[in-house]
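Heads up, my_file-v9.cif below (mmCIF, C-alpha atoms and all ligand atoms):
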data_model
#
loop_
_atom_site.label_atom_id
_atom_site.label_comp_id
_atom_site.auth_asym_id
_atom_site.auth_seq_id
_atom_site.Cartn_x
_atom_site.Cartn_y
_atom_site.Cartn_z
CA MET A 1383 0.00 0.00 0.00
CA SER A 1384 1.18 3.49 -0.82
CA LYS A 1385 2.48 5.51 2.13
CA LEU A 1386 3.95 9.00 2.33
CA ARG A 1387 7.42 9.21 3.90
CA SER A 1388 7.88 11.38 6.94
CA ILE A 1389 10.85 13.66 7.66
CA SER A 1390 13.40 12.18 10.07
CA ARG A 1391 16.06 14.88 10.03
CA ARG A 1392 16.89 18.30 8.61
CA VAL A 1393 20.48 19.39 8.06
CA ASN A 1394 21.86 22.73 6.92
CA SER A 1395 24.77 22.36 4.53
CA ILE A 1396 28.04 24.09 5.29
CA ARG A 1397 29.91 26.34 2.90
CA THR A 1398 33.52 25.36 2.31
CA LEU A 1399 36.24 25.27 -0.34
CA GLU A 1400 37.15 22.09 -2.21
CA GLY A 1401 39.93 21.02 -4.58
CA GLY A 1402 42.16 23.94 -5.51
CA GLY A 1403 39.75 26.31 -3.71
CA PHE A 1404 36.34 26.38 -5.42
CA PRO A 1405 33.25 27.09 -3.30
CA VAL A 1406 30.86 24.27 -2.40
CA ARG A 1407 27.80 23.76 -0.26
CA ARG A 1408 28.04 20.43 1.56
CA PRO A 1409 25.16 18.76 3.40
CA PHE A 1410 27.42 15.81 4.28
CA PRO A 1411 29.90 14.75 5.47
CA ILE A 1412 29.74 17.32 8.26
CA GLN A 1413 29.86 17.05 12.04
CA GLY A 1414 26.82 15.00 13.07
CA GLN A 1415 26.09 13.75 9.52
CA MET A 1416 29.22 11.94 8.40
CA GLN A 1417 27.50 9.98 5.65
CA PHE A 1418 24.12 9.02 4.33
CA ASP A 1419 24.39 5.30 3.63
CA PRO A 1420 25.14 4.38 0.81
CA PHE A 1421 26.27 7.95 0.04
CA LEU A 1422 29.52 9.36 1.40
CA LEU A 1423 29.55 12.96 0.21
CA LEU A 1424 27.41 15.48 -1.61
CA ASP A 1425 28.94 18.72 -2.85
CA HIS A 1426 26.95 21.42 -4.63
CA PHE A 1427 29.67 23.42 -6.34
CA GLY A 1428 28.98 26.99 -7.34
CA PRO A 1429 27.23 28.69 -8.88
CA VAL A 1430 30.42 30.66 -9.16
CA GLU A 1431 31.32 33.13 -11.89
CA TRP A 1432 34.97 32.92 -12.82
CA GLU A 1433 36.91 35.68 -14.51
CA PRO A 1434 39.11 34.69 -17.48
CA GLY A 1435 42.13 32.71 -16.24
CA GLU A 1436 40.78 32.32 -12.70
CA ALA A 1437 38.67 29.15 -12.76
CA ILE A 1438 39.75 26.55 -10.21
CA GLY A 1439 39.21 22.78 -10.22
CA ALA A 1440 40.56 19.78 -8.34
CA PRO A 1441 44.01 18.89 -9.69
CA ASN A 1442 45.61 15.46 -9.23
CA HIS A 1443 44.30 13.54 -6.20
CA PRO A 1444 43.76 9.83 -5.48
CA HIS A 1445 40.53 7.87 -4.82
CA ARG A 1446 39.77 4.29 -3.77
CA GLY A 1447 36.72 2.34 -2.68
CA PHE A 1448 33.73 4.25 -4.11
CA GLN A 1449 32.20 5.95 -7.14
CA ALA A 1450 32.35 9.71 -7.82
CA VAL A 1451 29.38 11.03 -9.77
CA THR A 1452 29.54 14.46 -11.37
CA TYR A 1453 26.39 16.15 -12.64
CA LEU A 1454 27.08 19.50 -14.25
CA LEU A 1455 24.43 22.23 -14.42
CA GLN A 1456 26.43 25.12 -15.88
CA GLY A 1457 29.89 25.52 -17.37
CA GLY A 1458 32.34 22.87 -18.55
CA ASN A 1459 34.70 20.34 -16.98
CA LEU A 1460 37.52 18.13 -18.19
CA HIS A 1461 38.20 15.01 -16.13
CA LEU A 1462 41.21 12.72 -16.55
CA ASP A 1463 42.66 9.84 -14.58
CA SER A 1464 45.71 7.62 -14.32
CA HIS A 1465 43.94 4.68 -16.02
CA GLY A 1466 43.47 6.72 -19.19
CA GLY A 1467 39.80 7.38 -18.40
CA GLY A 1468 37.98 10.66 -18.23
CA GLY A 1469 35.82 12.87 -20.36
CA ALA A 1470 34.48 16.34 -20.96
CA LEU A 1471 31.26 17.48 -19.30
CA GLY A 1472 28.93 20.22 -20.47
CA PRO A 1473 25.68 21.51 -18.97
CA GLY A 1474 23.34 18.63 -18.05
CA ASP A 1475 25.97 15.91 -18.52
CA VAL A 1476 26.52 13.17 -15.96
CA GLN A 1477 29.74 11.24 -15.42
CA TRP A 1478 29.52 8.16 -13.20
CA MET A 1479 33.11 7.25 -12.32
CA THR A 1480 34.07 4.10 -10.50
CA ALA A 1481 37.32 4.70 -8.62
CA GLY A 1482 37.22 1.12 -7.29
CA SER A 1483 40.73 -0.23 -6.76
CA GLY A 1484 42.21 3.24 -7.10
CA LEU A 1485 43.33 5.96 -9.46
CA ILE A 1486 44.70 9.46 -9.64
CA HIS A 1487 41.98 11.89 -10.64
CA SER A 1488 42.10 15.36 -12.17
CA GLU A 1489 38.93 17.48 -12.38
CA LEU A 1490 39.55 20.80 -14.06
CA PRO A 1491 37.41 23.47 -15.68
CA SER A 1492 37.21 23.21 -19.48
CA ASP A 1493 39.75 25.14 -21.57
CA GLU A 1494 36.88 27.40 -22.63
CA ILE A 1495 36.01 28.33 -19.02
CA LEU A 1496 39.70 28.67 -18.13
CA ALA A 1497 40.35 31.02 -21.02
CA ASN A 1498 37.16 33.07 -21.11
CA GLY A 1499 35.67 32.64 -17.65
CA GLY A 1500 32.04 31.77 -17.04
CA VAL A 1501 29.64 30.30 -14.56
CA MET A 1502 30.24 26.85 -13.09
CA GLU A 1503 27.68 24.89 -11.11
CA GLY A 1504 27.00 21.24 -10.44
CA PHE A 1505 27.02 18.38 -8.01
CA GLN A 1506 29.46 15.73 -6.98
CA LEU A 1507 28.10 12.69 -5.19
CA TRP A 1508 30.20 9.89 -3.73
CA VAL A 1509 28.46 6.53 -3.84
CA ASN A 1510 29.94 3.91 -1.55
CA LEU A 1511 30.83 0.48 -2.91
CA PRO A 1512 29.98 -2.64 -0.92
CA GLN A 1513 32.92 -4.49 0.68
CA SER A 1514 32.70 -7.17 -2.03
CA HIS A 1515 33.19 -4.53 -4.78
CA LYS A 1516 35.62 -2.04 -3.20
CA LEU A 1517 38.49 -3.04 -5.48
CA ILE A 1518 36.73 -3.45 -8.82
CA PRO A 1519 38.55 -1.94 -11.81
CA PRO A 1520 38.08 1.80 -12.50
CA GLU A 1521 35.36 2.54 -15.04
CA TYR A 1522 33.42 5.47 -16.50
CA GLN A 1523 29.81 5.72 -17.51
CA GLU A 1524 28.89 8.82 -19.45
CA LEU A 1525 25.33 10.03 -19.59
CA LYS A 1526 25.08 12.99 -21.93
CA ALA A 1527 22.42 15.61 -21.24
CA ASP A 1528 20.24 14.56 -24.19
CA LYS A 1529 20.27 10.91 -23.02
CA VAL A 1530 19.00 11.61 -19.49
CA PRO A 1531 15.42 10.31 -19.27
CA VAL A 1532 13.05 13.21 -18.51
CA HIS A 1533 9.50 13.03 -17.15
CA ARG A 1534 7.62 16.26 -17.90
CA PHE A 1535 4.41 17.38 -16.27
CA GLU A 1536 2.38 20.58 -16.16
CA LYS A 1537 4.49 22.49 -13.63
CA GLY A 1538 7.89 20.90 -13.90
CA LEU A 1539 10.10 18.00 -14.83
CA VAL A 1540 12.07 15.16 -13.29
CA LYS A 1541 15.39 13.94 -14.69
CA VAL A 1542 16.13 10.31 -13.93
CA ILE A 1543 19.90 10.24 -13.48
CA ALA A 1544 19.95 6.81 -11.83
CA GLY A 1545 17.30 4.23 -11.05
CA THR A 1546 13.69 4.12 -12.23
CA ALA A 1547 10.85 6.62 -11.85
CA PHE A 1548 7.66 7.39 -13.80
CA GLY A 1549 8.31 4.33 -15.96
CA LEU A 1550 11.70 5.72 -17.06
CA THR A 1551 14.96 3.92 -16.30
CA SER A 1552 18.37 5.57 -16.44
CA PRO A 1553 20.96 3.76 -18.59
CA VAL A 1554 23.47 4.13 -15.73
CA LYS A 1555 24.36 0.78 -14.13
CA THR A 1556 24.87 0.96 -10.39
CA VAL A 1557 26.49 -1.71 -8.21
CA THR A 1558 23.75 -1.56 -5.58
CA PRO A 1559 20.28 -0.05 -6.18
CA ILE A 1560 20.51 3.78 -6.32
CA GLY A 1561 17.94 6.43 -7.17
CA TYR A 1562 19.11 9.87 -8.31
CA LEU A 1563 16.39 12.27 -9.42
CA HIS A 1564 16.59 15.98 -10.26
CA LEU A 1565 13.31 17.84 -9.84
CA LEU A 1566 12.55 21.28 -11.29
CA LEU A 1567 9.25 22.82 -10.23
CA THR A 1568 7.74 26.17 -11.19
CA PRO A 1569 6.12 28.38 -8.50
CA GLY A 1570 2.91 26.83 -7.20
CA GLY A 1571 3.83 23.43 -8.62
CA LYS A 1572 3.47 20.14 -6.79
CA ALA A 1573 5.32 16.87 -7.37
CA GLN A 1574 5.12 13.36 -6.01
CA LEU A 1575 8.32 11.38 -6.30
CA PRO A 1576 8.71 7.63 -5.81
CA VAL A 1577 11.17 6.02 -3.40
CA ILE A 1578 11.68 2.33 -2.77
CA GLU A 1579 10.42 1.09 0.59
CA GLY A 1580 13.36 0.29 2.90
CA HIS A 1581 15.86 2.42 0.97
CA ASN A 1582 17.42 5.44 2.64
CA ALA A 1583 16.19 8.64 0.99
CA MET A 1584 16.94 12.35 1.23
CA ILE A 1585 16.42 15.54 -0.70
CA TYR A 1586 18.88 18.37 -1.15
CA LEU A 1587 17.36 21.72 -2.07
CA ALA A 1588 19.70 23.47 -4.51
CA HIS A 1589 17.52 26.47 -5.40
CA GLY A 1590 14.28 28.03 -4.29
CA GLN A 1591 11.95 26.95 -1.52
CA ALA A 1592 10.12 23.69 -0.89
CA ARG A 1593 7.26 22.69 1.33
CA LEU A 1594 6.93 19.12 2.59
CA GLY A 1595 3.76 18.80 4.61
CA GLU A 1596 4.07 21.58 7.20
CA ALA A 1597 7.83 21.95 6.83
CA LEU A 1598 9.26 24.85 4.85
CA ILE A 1599 12.67 23.96 3.45
CA SER A 1600 15.19 26.57 2.38
CA GLU A 1601 18.07 26.63 -0.07
CA GLY A 1602 21.03 24.45 0.94
CA GLU A 1603 18.99 22.25 3.27
CA MET A 1604 19.02 18.47 3.25
CA VAL A 1605 15.98 16.58 4.46
CA ALA A 1606 16.30 12.91 5.37
CA PHE A 1607 13.28 10.64 5.47
CA GLY A 1608 12.36 7.65 7.57
CA GLN A 1609 12.68 4.30 5.77
CA LYS A 1610 8.95 3.58 5.73
CA GLY A 1611 6.84 4.70 2.81
CA ASP A 1612 7.25 4.79 -0.95
CA TRP A 1613 6.74 8.40 -2.04
CA VAL A 1614 7.43 11.97 -1.05
CA GLU A 1615 5.41 15.06 -1.91
CA LEU A 1616 6.85 18.51 -2.55
CA ILE A 1617 5.31 21.88 -3.25
CA ASN A 1618 7.02 25.02 -4.52
CA PRO A 1619 5.61 27.82 -2.33
CA GLY A 1620 8.12 30.41 -3.53
CA LEU A 1621 8.43 32.86 -6.39
CA ASP A 1622 11.45 31.21 -8.00
CA GLU A 1623 11.93 27.87 -9.68
CA LEU A 1624 12.61 25.04 -7.24
CA SER A 1625 15.54 22.73 -8.00
CA LEU A 1626 16.27 19.73 -5.83
CA LEU A 1627 17.89 16.32 -5.84
CA LEU A 1628 16.21 13.23 -4.45
CA LEU A 1629 18.85 10.63 -3.58
CA SER A 1630 17.92 7.17 -2.42
CA GLY A 1631 19.65 3.84 -2.09
CA GLN A 1632 19.75 0.48 -0.47
CA PRO A 1633 21.80 0.93 2.73
CA LEU A 1634 25.02 -1.11 2.84
CA ASN A 1635 25.15 -1.28 6.66
CA GLU A 1636 28.90 -1.96 6.57
CA PRO A 1637 31.68 -0.41 8.66
CA ILE A 1638 33.18 2.70 7.07
CA TYR A 1639 36.75 3.86 7.51
CA ARG A 1640 37.59 6.93 5.50
CA HIS A 1641 40.59 9.09 5.22
CA GLY A 1642 40.17 11.90 2.72
CA PRO A 1643 39.84 10.31 -0.71
CA PHE A 1644 40.00 6.67 0.46
CA VAL A 1645 36.90 4.95 1.82
CA MET A 1646 37.29 1.36 3.01
CA ASN A 1647 35.97 -1.05 5.65
CA SER A 1648 38.92 -1.23 8.08
CA PRO A 1649 41.91 0.87 9.24
CA GLU A 1650 44.24 -1.75 7.70
CA GLU A 1651 42.64 -1.22 4.29
CA ILE A 1652 43.11 2.55 4.63
CA ALA A 1653 46.80 2.02 5.50
CA GLN A 1654 47.09 -0.24 2.44
CA ALA A 1655 45.47 2.44 0.25
CA PHE A 1656 48.05 5.01 1.42
CA GLU A 1657 50.85 2.52 0.81
CA ASP A 1658 49.58 1.74 -2.71
CA TYR A 1659 49.23 5.47 -3.44
CA ARG A 1660 52.73 6.30 -2.16
CA SER A 1661 54.35 3.44 -4.04
CA GLY A 1662 52.74 4.55 -7.31
CA LYS A 1663 50.34 1.60 -7.72
CA MET A 1664 47.49 3.99 -8.50
CA GLY A 1665 49.46 5.19 -11.51
CA ARG A 1666 50.19 8.64 -12.88
CA ILE A 1667 48.17 10.89 -15.13
CA GLY A 1668 49.59 11.04 -18.62
CA SER A 1669 51.82 7.97 -18.22
FE FE B 1701 38.05 13.30 -7.70
#
Encoding of this model in structure tokens:
Amino acid sequence: MSKLRSISRRVNSIRTLEGGGFPVRRPFPIQGQMQFDPFLLLDHFGPVEWEPGEAIGAPNHPHRGFQAVTYLLQGGNLHLDSHGGGGALGPGDVQWMTAGSGLIHSELPSDEILANGGVMEGFQLWVNLPQSHKLIPPEYQELKADKVPVHRFEKGLVKVIAGTAFGLTSPVKTVTPIGYLHLLLTPGGKAQLPVIEGHNAMIYLAHGQARLGEALISEGEMVAFGQKGDWVELINPGLDELSLLLLSGQPLNEPIYRHGPFVMNSPEEIAQAFEDYRSGKMGRIGS
């Protein structure tokens, strides 16, 4: 039977700098909300307007044990890694990168943005890998903007970046079941979004205002839901367009040990990751 999910927690994101020093809003990990199983991090970068020659990205850094998902709203990015993977992202593009056993990653603004400046905005989500899949080979899945399934209705639209909703299934293959929806809603609009019973689910409000039942949610807030129920309902009570992410997934319920860009299941595995990084086993970009 269909049941509306209730709010279990509200969290205000922090503002911080990431990579070489670009501004992000981060609902987690922060003190008191270190993860949201199976998700490890959500960064909303920008919107930031760079002057020519000033755009900043995240130069060479390692990763192991999870997937890094970039969804660009505005601007352009060029990603490269030590396994020869990577790709360019434009507005609306999604890149689902499996770091798995480990790599060196470079995430820089596109040459166009570097040279001429421009506005950059998007999201990076870290999806944890289950213990059995921590060390799978690195891999990229590209989902170009025009291939993202879109459900349109009178007052808005929903992009299905991962999982299934409204009879649409994203071509992205996930290791464990994940739902990643982007909702845009015009003022006065209402939307009902599906979530799978028993999966953890949260929304992150990127722009505008949202009302869930009696609760008024403001920009930069994350709202976590209880695990019971299979839909959430949102209203845009504001004067601007509402933009939010609904993230959901089957919880892994496994121990997490993380140190910066390595996320494993034990302190020994973290030590091993550092050792493999230092000894060059994660490779070098351009070699
Ligand atoms: Fe990275």
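The shortest atom-to-atom distance to Val1530 (chain A), with all atoms listed in the file taken into account, belongs to A:Tyr1453 out of A:Tyr1453, A:Leu1496, A:Ser1464, A:Asn1618.
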Cut-off 10 Å: closest chain A/ligand FE 1701 (chain B) atom pairs per residue, using all atoms listed in the file, as a Markdown table:
| residue | atom | partner | partner_atom | distance |
| --- | --- | --- | --- | --- |
| A:Gly1401 | CA | B:FE1701 | FE | 8.5 |
| A:Gly1439 | CA | B:FE1701 | FE | 9.9 |
| A:Ala1440 | CA | B:FE1701 | FE | 7.0 |
| A:Pro1441 | CA | B:FE1701 | FE | 8.4 |
| A:Asn1442 | CA | B:FE1701 | FE | 8.0 |
| A:His1443 | CA | B:FE1701 | FE | 6.4 |
| A:Pro1444 | CA | B:FE1701 | FE | 7.0 |
| A:His1445 | CA | B:FE1701 | FE | 6.6 |
| A:Arg1446 | CA | B:FE1701 | FE | 10.0 |
| A:Gln1449 | CA | B:FE1701 | FE | 9.4 |
| A:Ala1450 | CA | B:FE1701 | FE | 6.7 |
| A:Val1451 | CA | B:FE1701 | FE | 9.2 |
| A:Thr1452 | CA | B:FE1701 | FE | 9.3 |
| A:His1461 | CA | B:FE1701 | FE | 8.6 |
| A:Leu1462 | CA | B:FE1701 | FE | 9.4 |
| A:Asp1463 | CA | B:FE1701 | FE | 9.0 |
| A:Met1479 | CA | B:FE1701 | FE | 9.1 |
| A:Ala1481 | CA | B:FE1701 | FE | 8.7 |
| A:Leu1485 | CA | B:FE1701 | FE | 9.2 |
| A:Ile1486 | CA | B:FE1701 | FE | 7.9 |
| A:His1487 | CA | B:FE1701 | FE | 5.1 |
| A:Ser1488 | CA | B:FE1701 | FE | 6.4 |
| A:Glu1489 | CA | B:FE1701 | FE | 6.3 |
| A:Leu1490 | CA | B:FE1701 | FE | 9.9 |
| A:Gln1506 | CA | B:FE1701 | FE | 9.0 |
| A:Trp1508 | CA | B:FE1701 | FE | 9.4 |
| A:Pro1643 | CA | B:FE1701 | FE | 7.8 |
Selection file, C-alpha atoms, as a PDB file, in the coordinates of the input:
ATOM      1  CA  GLY A1401      39.930  21.020  -4.580  1.00  0.00           C
ATOM      2  CA  GLY A1439      39.210  22.780 -10.220  1.00  0.00           C
ATOM      3  CA  ALA A1440      40.560  19.780  -8.340  1.00  0.00           C
ATOM      4  CA  PRO A1441      44.010  18.890  -9.690  1.00  0.00           C
ATOM      5  CA  ASN A1442      45.610  15.460  -9.230  1.00  0.00           C
ATOM      6  CA  HIS A1443      44.300  13.540  -6.200  1.00  0.00           C
ATOM      7  CA  PRO A1444      43.760   9.830  -5.480  1.00  0.00           C
ATOM      8  CA  HIS A1445      40.530   7.870  -4.820  1.00  0.00           C
ATOM      9  CA  ARG A1446      39.770   4.290  -3.770  1.00  0.00           C
ATOM     10  CA  GLN A1449      32.200   5.950  -7.140  1.00  0.00           C
ATOM     11  CA  ALA A1450      32.350   9.710  -7.820  1.00  0.00           C
ATOM     12  CA  VAL A1451      29.380  11.030  -9.770  1.00  0.00           C
ATOM     13  CA  THR A1452      29.540  14.460 -11.370  1.00  0.00           C
ATOM     14  CA  HIS A1461      38.200  15.010 -16.130  1.00  0.00           C
ATOM     15  CA  LEU A1462      41.210  12.720 -16.550  1.00  0.00           C
ATOM     16  CA  ASP A1463      42.660   9.840 -14.580  1.00  0.00           C
ATOM     17  CA  MET A1479      33.110   7.250 -12.320  1.00  0.00           C
ATOM     18  CA  ALA A1481      37.320   4.700  -8.620  1.00  0.00           C
ATOM     19  CA  LEU A1485      43.330   5.960  -9.460  1.00  0.00           C
ATOM     20  CA  ILE A1486      44.700   9.460  -9.640  1.00  0.00           C
ATOM     21  CA  HIS A1487      41.980  11.890 -10.640  1.00  0.00           C
ATOM     22  CA  SER A1488      42.100  15.360 -12.170  1.00  0.00           C
ATOM     23  CA  GLU A1489      38.930  17.480 -12.380  1.00  0.00           C
ATOM     24  CA  LEU A1490      39.550  20.800 -14.060  1.00  0.00           C
ATOM     25  CA  GLN A1506      29.460  15.730  -6.980  1.00  0.00           C
ATOM     26  CA  TRP A1508      30.200   9.890  -3.730  1.00  0.00           C
ATOM     27  CA  PRO A1643      39.840  10.310  -0.710  1.00  0.00           C
TER      28      PRO A1643
END
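The neighbours of Ile1518 (chain A) here are the residues that come within 10 Å of it, using all atoms listed in the file and leaving out any residue fewer than 3 positions away in the same chain; they are Arg1446, Gly1447, Phe1448, Thr1480, Ala1481, Gly1482, Ser1483, Gly1484, Leu1511, Ser1514, His1515 and Glu1521 of chain A.
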Filtering to C-alpha atoms, could you give me those residues as a PDB file, in the frame of the given file?
ATOM      1  CA  ARG A1446      39.770   4.290  -3.770  1.00  0.00           C
ATOM      2  CA  GLY A1447      36.720   2.340  -2.680  1.00  0.00           C
ATOM      3  CA  PHE A1448      33.730   4.250  -4.110  1.00  0.00           C
ATOM      4  CA  THR A1480      34.070   4.100 -10.500  1.00  0.00           C
ATOM      5  CA  ALA A1481      37.320   4.700  -8.620  1.00  0.00           C
ATOM      6  CA  GLY A1482      37.220   1.120  -7.290  1.00  0.00           C
ATOM      7  CA  SER A1483      40.730  -0.230  -6.760  1.00  0.00           C
ATOM      8  CA  GLY A1484      42.210   3.240  -7.100  1.00  0.00           C
ATOM      9  CA  LEU A1511      30.830   0.480  -2.910  1.00  0.00           C
ATOM     10  CA  SER A1514      32.700  -7.170  -2.030  1.00  0.00           C
ATOM     11  CA  HIS A1515      33.190  -4.530  -4.780  1.00  0.00           C
ATOM     12  CA  GLU A1521      35.360   2.540 -15.040  1.00  0.00           C
TER      13      GLU A1521
END
If we count all atoms listed in the file and set the cut-off at 12 Å, which residues sit around Pro1434 (chain A), ignoring sequence neighbours fewer than 6 positions away in its own chain? Please answer as an mmCIF file with C-alpha atoms, in the coordinates of the input.
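Saved file out.cif follows:
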data_model
loop_
_atom_site.group_PDB
_atom_site.id
_atom_site.type_symbol
_atom_site.label_atom_id
_atom_site.label_comp_id
_atom_site.auth_asym_id
_atom_site.auth_seq_id
_atom_site.Cartn_x
_atom_site.Cartn_y
_atom_site.Cartn_z
ATOM 1 C CA PRO A 1491 37.410 23.470 -15.680
ATOM 2 C CA SER A 1492 37.210 23.210 -19.480
ATOM 3 C CA ASP A 1493 39.750 25.140 -21.570
ATOM 4 C CA GLU A 1494 36.880 27.400 -22.630
ATOM 5 C CA ILE A 1495 36.010 28.330 -19.020
ATOM 6 C CA LEU A 1496 39.700 28.670 -18.130
ATOM 7 C CA ALA A 1497 40.350 31.020 -21.020
ATOM 8 C CA ASN A 1498 37.160 33.070 -21.110
ATOM 9 C CA GLY A 1499 35.670 32.640 -17.650
ATOM 10 C CA GLY A 1500 32.040 31.770 -17.040
ATOM 11 C CA VAL A 1501 29.640 30.300 -14.560
#
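With CA of Gly1428 (chain A) on one side and CA of Leu1460 (chain A) on the other, the separation reads 16.4 Å.
Taking all atoms listed in the file into account, Glu1623 (chain A) lies nearest to A:Leu1565 out of the set A:Ala1583, A:Val1554, A:Val1509, A:Leu1565.
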**Message:** Restricting the calculation to only C-alpha atoms: of A:Thr1551, A:Ser1390, A:Ser1600, A:Asn1582, which residue gets closest to Gln1417 (chain A)?
**Reply:** A:Asn1582
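Taking CA of Ser1625 (chain A) as the reference point, CA of Gln1591 (chain A) is found at 8.5 Å.
In this model, the gap between CA of Phe1427 (chain A) and CA of Tyr1522 (chain A) comes to 21.0 Å.
Take the candidates A:Trp1432, A:Arg1397, A:Gly1467, A:Gly1458 and check each one against Gly1668 (chain A) using only C-alpha atoms; the shortest distance goes to A:Gly1467.
Among the candidates A:His1533, A:Leu1563, A:Leu1627, A:Pro1520, the one nearest to Asp1425 (chain A) when counting all atoms listed in the file is A:Leu1627.
Shortest atom-to-atom contact with Trp1478 (chain A) among A:Gln1513, A:Ser1648, A:Gln1523, A:Gln1456: A:Gln1523, counting all atoms listed in the file.
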Would you fill out region 1402-1415 of chain A with N, CA and C atoms and return it as a compact mmCIF listing (two decimals), in the frame of the given file?
# COMPACT_ATOMS: atom_id res chain seq x y z
N GLY A 1402 41.21 22.84 -5.53
CA GLY A 1402 42.16 23.94 -5.51
C GLY A 1402 41.60 25.20 -4.85
N GLY A 1403 40.33 25.16 -4.41
CA GLY A 1403 39.75 26.31 -3.71
C GLY A 1403 38.47 26.83 -4.35
N PHE A 1404 37.63 25.92 -4.87
CA PHE A 1404 36.34 26.38 -5.42
C PHE A 1404 35.26 26.20 -4.35
N PRO A 1405 34.26 27.10 -4.36
CA PRO A 1405 33.25 27.09 -3.30
C PRO A 1405 32.21 25.99 -3.48
N VAL A 1406 31.92 25.29 -2.38
CA VAL A 1406 30.86 24.27 -2.40
C VAL A 1406 29.93 24.47 -1.20
N ARG A 1407 28.71 23.99 -1.37
CA ARG A 1407 27.80 23.76 -0.26
C ARG A 1407 27.80 22.26 -0.03
N ARG A 1408 27.87 21.86 1.25
CA ARG A 1408 28.04 20.43 1.56
C ARG A 1408 27.09 20.03 2.68
N PRO A 1409 26.04 19.27 2.35
CA PRO A 1409 25.16 18.76 3.40
C PRO A 1409 25.78 17.61 4.20
N PHE A 1410 26.67 16.86 3.59
CA PHE A 1410 27.42 15.81 4.28
C PHE A 1410 28.62 15.42 3.44
N PRO A 1411 29.74 14.97 4.03
CA PRO A 1411 29.90 14.75 5.47
C PRO A 1411 30.18 16.05 6.22
N ILE A 1412 29.47 16.23 7.31
CA ILE A 1412 29.74 17.32 8.26
C ILE A 1412 29.56 16.73 9.65
N GLN A 1413 30.03 17.48 10.65
CA GLN A 1413 29.86 17.05 12.04
C GLN A 1413 28.40 16.65 12.27
N GLY A 1414 28.18 15.43 12.76
CA GLY A 1414 26.82 15.00 13.07
C GLY A 1414 26.11 14.33 11.90
N GLN A 1415 26.68 14.43 10.69
CA GLN A 1415 26.09 13.75 9.52
C GLN A 1415 27.25 13.33 8.63
